[in-house]
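This is data_31.txt. It holds compact mmCIF, C-alpha atoms.
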# COMPACT_ATOMS: atom_id res chain seq x y z
CA MET D 1 2.73 13.54 -15.58
CA THR D 2 4.42 10.15 -15.70
CA LYS D 3 2.13 7.21 -15.05
CA VAL D 4 3.52 4.83 -12.46
CA LEU D 5 0.57 2.43 -12.47
CA GLU D 6 -2.22 1.84 -14.95
CA ILE D 7 -4.93 -0.76 -14.35
CA LYS D 8 -7.48 -1.48 -17.07
CA ASN D 9 -10.58 -3.62 -16.50
CA LEU D 10 -8.95 -5.84 -13.89
CA THR D 11 -11.10 -8.83 -12.97
CA LYS D 12 -10.15 -11.54 -10.48
CA LYS D 13 -12.82 -13.80 -9.04
CA TYR D 14 -12.27 -16.54 -6.49
CA LYS D 15 -14.31 -19.75 -6.22
CA ASN D 16 -16.36 -18.26 -3.37
CA GLY D 17 -17.47 -15.42 -5.66
CA ARG D 18 -15.38 -12.75 -3.97
CA GLY D 19 -12.72 -10.71 -5.71
CA VAL D 20 -12.84 -7.67 -8.01
CA GLU D 21 -14.44 -6.91 -11.36
CA ASN D 22 -13.59 -4.31 -14.02
CA ILE D 23 -11.27 -2.23 -11.86
CA THR D 24 -9.74 0.68 -13.80
CA PHE D 25 -7.58 3.50 -12.44
CA SER D 26 -4.12 5.03 -12.86
CA ILE D 27 -1.54 6.57 -10.53
CA GLU D 28 0.93 9.30 -11.47
CA LYS D 29 4.41 9.89 -10.11
CA GLY D 30 4.37 11.51 -6.66
CA ASP D 31 0.77 10.57 -5.92
CA ILE D 32 -0.29 9.26 -2.55
CA PHE D 33 -3.21 7.24 -3.83
CA GLY D 34 -5.59 5.66 -1.34
CA ILE D 35 -7.96 2.75 -1.80
CA LEU D 36 -10.84 3.02 0.66
CA GLY D 37 -13.25 0.20 1.32
CA PRO D 38 -14.51 -2.16 4.01
CA ASN D 39 -12.77 -5.43 4.83
CA GLY D 40 -13.40 -7.94 2.05
CA SER D 41 -14.15 -5.31 -0.57
CA GLY D 42 -11.26 -6.26 -2.88
CA LYS D 43 -8.47 -3.89 -1.79
CA THR D 44 -5.95 -6.62 -1.06
CA THR D 45 -6.87 -8.61 -4.18
CA THR D 46 -6.16 -5.53 -6.29
CA MET D 47 -2.77 -5.05 -4.66
CA LYS D 48 -1.87 -8.73 -4.98
CA ALA D 49 -2.69 -8.60 -8.68
CA ILE D 50 -0.39 -5.59 -9.15
CA VAL D 51 2.66 -7.34 -7.68
CA GLY D 52 1.91 -10.76 -9.16
CA LEU D 53 0.85 -12.52 -5.96
CA CYS D 54 -2.33 -13.75 -7.62
CA GLY D 55 -3.34 -14.47 -11.19
CA VAL D 56 -6.04 -12.45 -12.90
CA ASP D 57 -8.99 -13.53 -15.00
CA SER D 58 -8.83 -10.58 -17.38
CA GLY D 59 -7.58 -7.02 -17.71
CA ALA D 60 -4.17 -5.38 -17.94
CA ILE D 61 -1.74 -3.95 -15.38
CA GLU D 62 1.24 -1.77 -16.29
CA VAL D 63 3.83 -0.59 -13.78
CA PHE D 64 6.27 2.07 -15.03
CA GLY D 65 5.00 1.25 -18.52
CA TYR D 66 5.81 -2.47 -18.27
CA ASP D 67 3.19 -5.20 -18.39
CA ASN D 68 3.36 -6.92 -15.02
CA ARG D 69 2.97 -10.36 -16.59
CA ALA D 70 4.99 -10.17 -19.80
CA GLU D 71 7.81 -8.07 -18.25
CA PHE D 72 7.45 -8.85 -14.56
CA GLU D 73 11.05 -8.18 -13.45
CA LYS D 74 11.18 -4.80 -15.17
CA ALA D 75 7.74 -3.86 -13.81
CA MET D 76 8.71 -4.73 -10.23
CA ALA D 77 12.28 -3.39 -10.29
CA ASP D 78 11.41 -0.19 -8.38
CA VAL D 79 8.45 -1.47 -6.35
CA GLY D 80 8.35 -2.13 -2.62
CA CYS D 81 5.31 -3.62 -0.93
CA LEU D 82 3.74 -4.72 2.32
CA ILE D 83 0.64 -6.80 1.67
CA GLU D 84 -1.19 -8.53 4.50
CA MET D 85 1.12 -9.74 7.29
CA PRO D 86 4.85 -9.27 6.61
CA SER D 87 7.01 -12.39 6.22
CA ILE D 88 8.96 -12.23 9.46
CA TYR D 89 11.02 -14.97 11.10
CA ASP D 90 10.45 -14.84 14.85
CA TYR D 91 13.75 -16.54 15.65
CA LEU D 92 15.76 -13.87 13.82
CA SER D 93 16.55 -10.37 15.04
CA ALA D 94 15.05 -7.34 13.32
CA TYR D 95 18.41 -6.68 11.68
CA ASN D 96 18.81 -10.26 10.43
CA ASN D 97 15.26 -10.30 9.09
CA LEU D 98 16.19 -7.32 6.93
CA LYS D 99 19.55 -8.88 6.11
CA LEU D 100 17.69 -11.91 4.77
CA ALA D 101 15.26 -9.73 2.81
CA ALA D 102 18.20 -7.76 1.38
CA ARG D 103 19.33 -10.85 -0.51
CA LEU D 104 16.48 -10.17 -2.95
CA TYR D 105 18.19 -6.96 -4.10
CA ASN D 106 21.54 -6.09 -5.66
CA ASN D 107 22.11 -2.71 -4.05
CA VAL D 108 21.20 -3.08 -0.37
CA ASP D 109 24.13 -2.90 2.04
CA ASN D 110 24.36 -2.84 5.85
CA GLU D 111 24.09 0.94 5.90
CA ARG D 112 20.78 0.76 4.02
CA ILE D 113 19.48 -1.80 6.53
CA ASP D 114 20.36 0.48 9.44
CA LYS D 115 18.68 3.40 7.67
CA ALA D 116 15.45 1.44 7.14
CA LEU D 117 15.38 0.41 10.80
CA SER D 118 15.93 4.01 11.87
CA ILE D 119 13.11 5.29 9.66
CA VAL D 120 10.59 2.98 11.33
CA ARG D 121 11.99 3.56 14.85
CA LEU D 122 13.33 0.05 15.34
CA ASP D 123 17.04 0.89 15.47
CA LYS D 124 17.06 0.49 19.26
CA TYR D 125 15.69 -3.02 18.88
CA LYS D 126 17.75 -4.13 15.88
CA ASN D 127 19.32 -7.03 17.77
CA ASP D 128 16.12 -8.20 19.48
CA LYS D 129 14.38 -11.28 18.14
CA ALA D 130 11.25 -10.46 16.18
CA GLY D 131 9.31 -13.08 18.14
CA LYS D 132 9.38 -10.71 21.10
CA PHE D 133 7.89 -7.86 19.08
CA SER D 134 4.35 -6.56 19.45
CA LEU D 135 2.01 -6.60 16.44
CA GLY D 136 2.79 -2.92 15.85
CA MET D 137 6.55 -3.49 15.93
CA LYS D 138 6.21 -6.36 13.45
CA GLN D 139 4.18 -4.07 11.21
CA ARG D 140 6.93 -1.46 11.35
CA LEU D 141 9.50 -4.13 10.51
CA GLY D 142 7.38 -5.05 7.50
CA ILE D 143 7.33 -1.41 6.41
CA ALA D 144 11.13 -1.34 6.78
CA MET D 145 11.27 -4.28 4.37
CA ALA D 146 9.17 -2.34 1.87
CA LEU D 147 11.56 0.62 2.17
CA LEU D 148 14.72 -1.47 2.01
CA SER D 149 15.57 -1.00 -1.67
CA GLU D 150 14.52 2.68 -1.66
CA PRO D 151 11.86 1.97 -4.31
CA GLU D 152 10.14 4.64 -6.38
CA PHE D 153 6.71 3.04 -5.89
CA ILE D 154 5.55 1.65 -2.54
CA ILE D 155 2.39 -0.38 -2.00
CA LEU D 156 1.10 -0.62 1.58
CA ASP D 157 -1.91 -2.73 2.52
CA GLU D 158 -3.50 -1.43 5.74
CA PRO D 159 -0.15 -0.08 7.04
CA ALA D 160 -1.71 1.31 10.26
CA ASN D 161 -2.68 -2.17 11.48
CA GLY D 162 -1.33 -2.73 14.98
CA LEU D 163 0.29 0.69 15.27
CA ASP D 164 -0.32 2.92 18.28
CA ILE D 165 -1.28 6.59 17.87
CA GLU D 166 2.31 7.80 17.75
CA GLY D 167 3.22 5.08 15.27
CA ILE D 168 0.33 6.00 12.97
CA VAL D 169 1.31 9.67 13.01
CA GLU D 170 4.97 8.86 12.31
CA MET D 171 4.03 6.51 9.48
CA ARG D 172 1.81 9.19 7.94
CA GLU D 173 4.53 11.83 8.23
CA LEU D 174 7.07 9.44 6.69
CA ILE D 175 4.83 8.75 3.69
CA VAL D 176 4.13 12.45 3.09
CA ARG D 177 7.82 13.33 3.47
CA LEU D 178 9.02 10.65 1.06
CA SER D 179 6.42 11.77 -1.48
CA LYS D 180 7.30 15.47 -1.24
CA GLU D 181 11.08 15.22 -0.87
CA LYS D 182 11.92 12.11 -2.88
CA GLY D 183 9.01 11.94 -5.32
CA VAL D 184 8.10 8.45 -4.08
CA THR D 185 4.69 7.26 -5.24
CA PHE D 186 2.40 5.42 -2.84
CA LEU D 187 -0.61 3.15 -3.15
CA ILE D 188 -2.20 2.69 0.28
CA SER D 189 -5.27 0.73 1.24
CA SER D 190 -7.32 1.26 4.38
CA HIS D 191 -10.79 0.90 5.81
CA ILE D 192 -10.08 3.95 8.01
CA SER D 193 -11.14 7.02 6.02
CA SER D 194 -9.62 9.60 8.38
CA GLU D 195 -6.10 8.28 7.85
CA LEU D 196 -6.35 8.38 4.07
CA GLU D 197 -7.90 11.85 4.23
CA LYS D 198 -4.85 13.20 6.08
CA MET D 199 -2.20 11.97 3.68
CA CYS D 200 -3.61 11.10 0.24
CA ASN D 201 -4.12 13.42 -2.72
CA LYS D 202 -6.28 10.92 -4.62
CA ILE D 203 -8.80 8.32 -3.53
CA ALA D 204 -10.56 5.30 -5.00
CA VAL D 205 -13.60 3.76 -3.34
CA ILE D 206 -13.99 0.00 -3.75
CA TYR D 207 -17.14 -1.68 -2.50
CA ASP D 208 -18.19 -5.30 -2.91
CA GLY D 209 -15.48 -5.90 -5.52
CA GLU D 210 -16.41 -2.96 -7.71
CA LEU D 211 -14.79 0.42 -8.25
CA VAL D 212 -17.36 2.96 -7.10
CA SER D 213 -15.40 6.18 -7.71
CA VAL D 214 -11.98 7.75 -8.26
CA ASP D 215 -11.45 11.36 -7.20
CA SER D 216 -8.93 13.84 -5.89
CA ILE D 217 -9.24 14.40 -2.17
CA GLU D 218 -9.93 18.07 -2.93
CA SER D 219 -12.87 17.14 -5.15
CA ALA D 220 -14.15 14.51 -2.70
CA LEU D 221 -14.25 17.05 0.11
CA GLU D 222 -15.77 19.85 -1.95
CA PHE D 223 -19.31 18.77 -1.11
CA ASN D 224 -18.56 16.46 1.84
CA PRO D 225 -17.30 17.50 5.29
CA THR D 226 -15.13 14.39 5.62
CA LEU D 227 -13.89 11.51 3.51
CA GLU D 228 -16.14 9.24 5.56
CA ASP D 229 -19.17 11.20 4.37
CA TYR D 230 -17.88 11.02 0.80
CA PHE D 231 -17.51 7.24 1.08
CA LEU D 232 -20.98 6.76 2.54
CA ASN D 233 -22.57 8.96 -0.12
CA GLN D 234 -20.76 7.18 -2.95
CA VAL D 235 -21.78 3.76 -1.64
CA LYS D 236 -25.36 4.96 -1.14
CA GLU D 237 -25.51 6.15 -4.75
CA ARG D 238 -24.04 2.85 -5.93
CA LYS D 239 -26.61 0.84 -3.97
CA GLY D 240 -29.38 3.03 -5.30
CA ALA D 241 -28.19 2.48 -8.86
CA VAL D 242 -28.20 -1.29 -8.31
CA VAL D 243 -31.74 -1.23 -6.92
CA LEU D 244 -33.01 0.72 -9.88
Could you express the structure from this file as structure tokens?
Amino acid sequence: MTKVLEIKNLTKKYKNGRGVENITFSIEKGDIFGILGPNGSGKTTTMKAIVGLCGVDSGAIEVFGYDNRAEFEKAMADVGCLIEMPSIYDYLSAYNNLKLAARLYNNVDNERIDKALSIVRLDKYKNDKAGKFSLGMKQRLGIAMALLSEPEFIILDEPANGLDIEGIVEMRELIVRLSKEKGVTFLISSHISSELEKMCNKIAVIYDGELVSVDSIESALEFNPTLEDYFLNQVKERKGAVVL
């Protein structure tokens, strides 16, 4: 299988002592790879490091075989991402927000913008100002931005934030469909285990800045009734190892 992402011994520490240390995992083409961990565990830091939004202290990151520091443009050419809150201008319409974002790409036309809005169910509100949107609608607009260039690798940081039940289900179905039909690869972070369990084929547990485990969902659920139980057991083992 083709490796889309390979992280080796990634370490990034902030002045307050938080961050990540010695993170190592890889993602293959077509994977829906989930990072599960509590808030503040290092999920967002890992994603920021992948797309160059923060520097790293040590380690290596390759995207599509390109070093994300030495060959940044090549590494990011087929990557779309939504990390933390999307950059949305409240005074612009949904359509014009995407029109502005489209300037970052060479191959995004008006038809592609309309398609992205339709995918996230915002086509009816394309001419409404984003400032009138709910948190969930802004989150969907952010996802539309990530989809805009039809990337081969999409990184979504807590994509269910602010979405209602129907929105969460539709987002999950969209991710699974794009993976199966288009071969799109996903890296998704969440602190909600049930959502990752329903759509991911692989899972990494990050706790207190450290990588606790990497497994297939099938393997994780072999001896655990739910992914939540798997997470709790992995963290318990990790804490026990630290105590010893």
One decimal, Å: what's the distance from atom CA of Glu170 of chain D over to atom CA of Phe223 of chain D, could you say?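 Straight-line distance from atom CA of Glu170 of chain D to atom CA of Phe223 of chain D works out to 29.5 Å.
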Surrounding residues of Ile35 of chain D excluding itself and chain neighbours under 6 positions, 9 Å, all atoms listed in the file, as an MDAnalysis selection string: chainID D and resid 43 187:191 196 202:206
Put a box with edges along x, y and z around all the listed atoms of segment 20-25 of chain D, pad it by 6 Å on each side, then give me its centre and sizes in Å, one decimal, as AutoDock Vina command-line options.
--center_x -11.0 --center_y -2.1 --center_z -11.0 --size_x 18.9 --size_y 23.2 --size_z 18.0
Which residues, written as a list in words, have at least one atom at most 8 Å from segment 65-82 of chain D, with only C-alpha atoms counted and residues fewer than 4 positions away on the same chain left out? Lys3, Val4, Leu5, Ile50, Val51, Gly52, Ala60, Ile61, Pro86, Gly142, Ile143, Met145, Ala146, Leu147, Leu148, Ser149, Glu150, Pro151, Glu152, Phe153, Ile154, Ile155, Leu156, Asp157 and Pro159 of chain D
Skipping near chain neighbours, those fewer than 3 positions away, what residues fall within 9 Å of Ile7 of chain D using only C-alpha atoms, listed as a ChimeraX atom specification? /D:10,23-27,50,59-63
Can you tell me how far atom CA of Lys129 of chain D sits from atom CA of Leu92 of chain D, in Å to one decimal?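 One can read the atom CA of Lys129 of chain D to atom CA of Leu92 of chain D distance as 5.2 Å.
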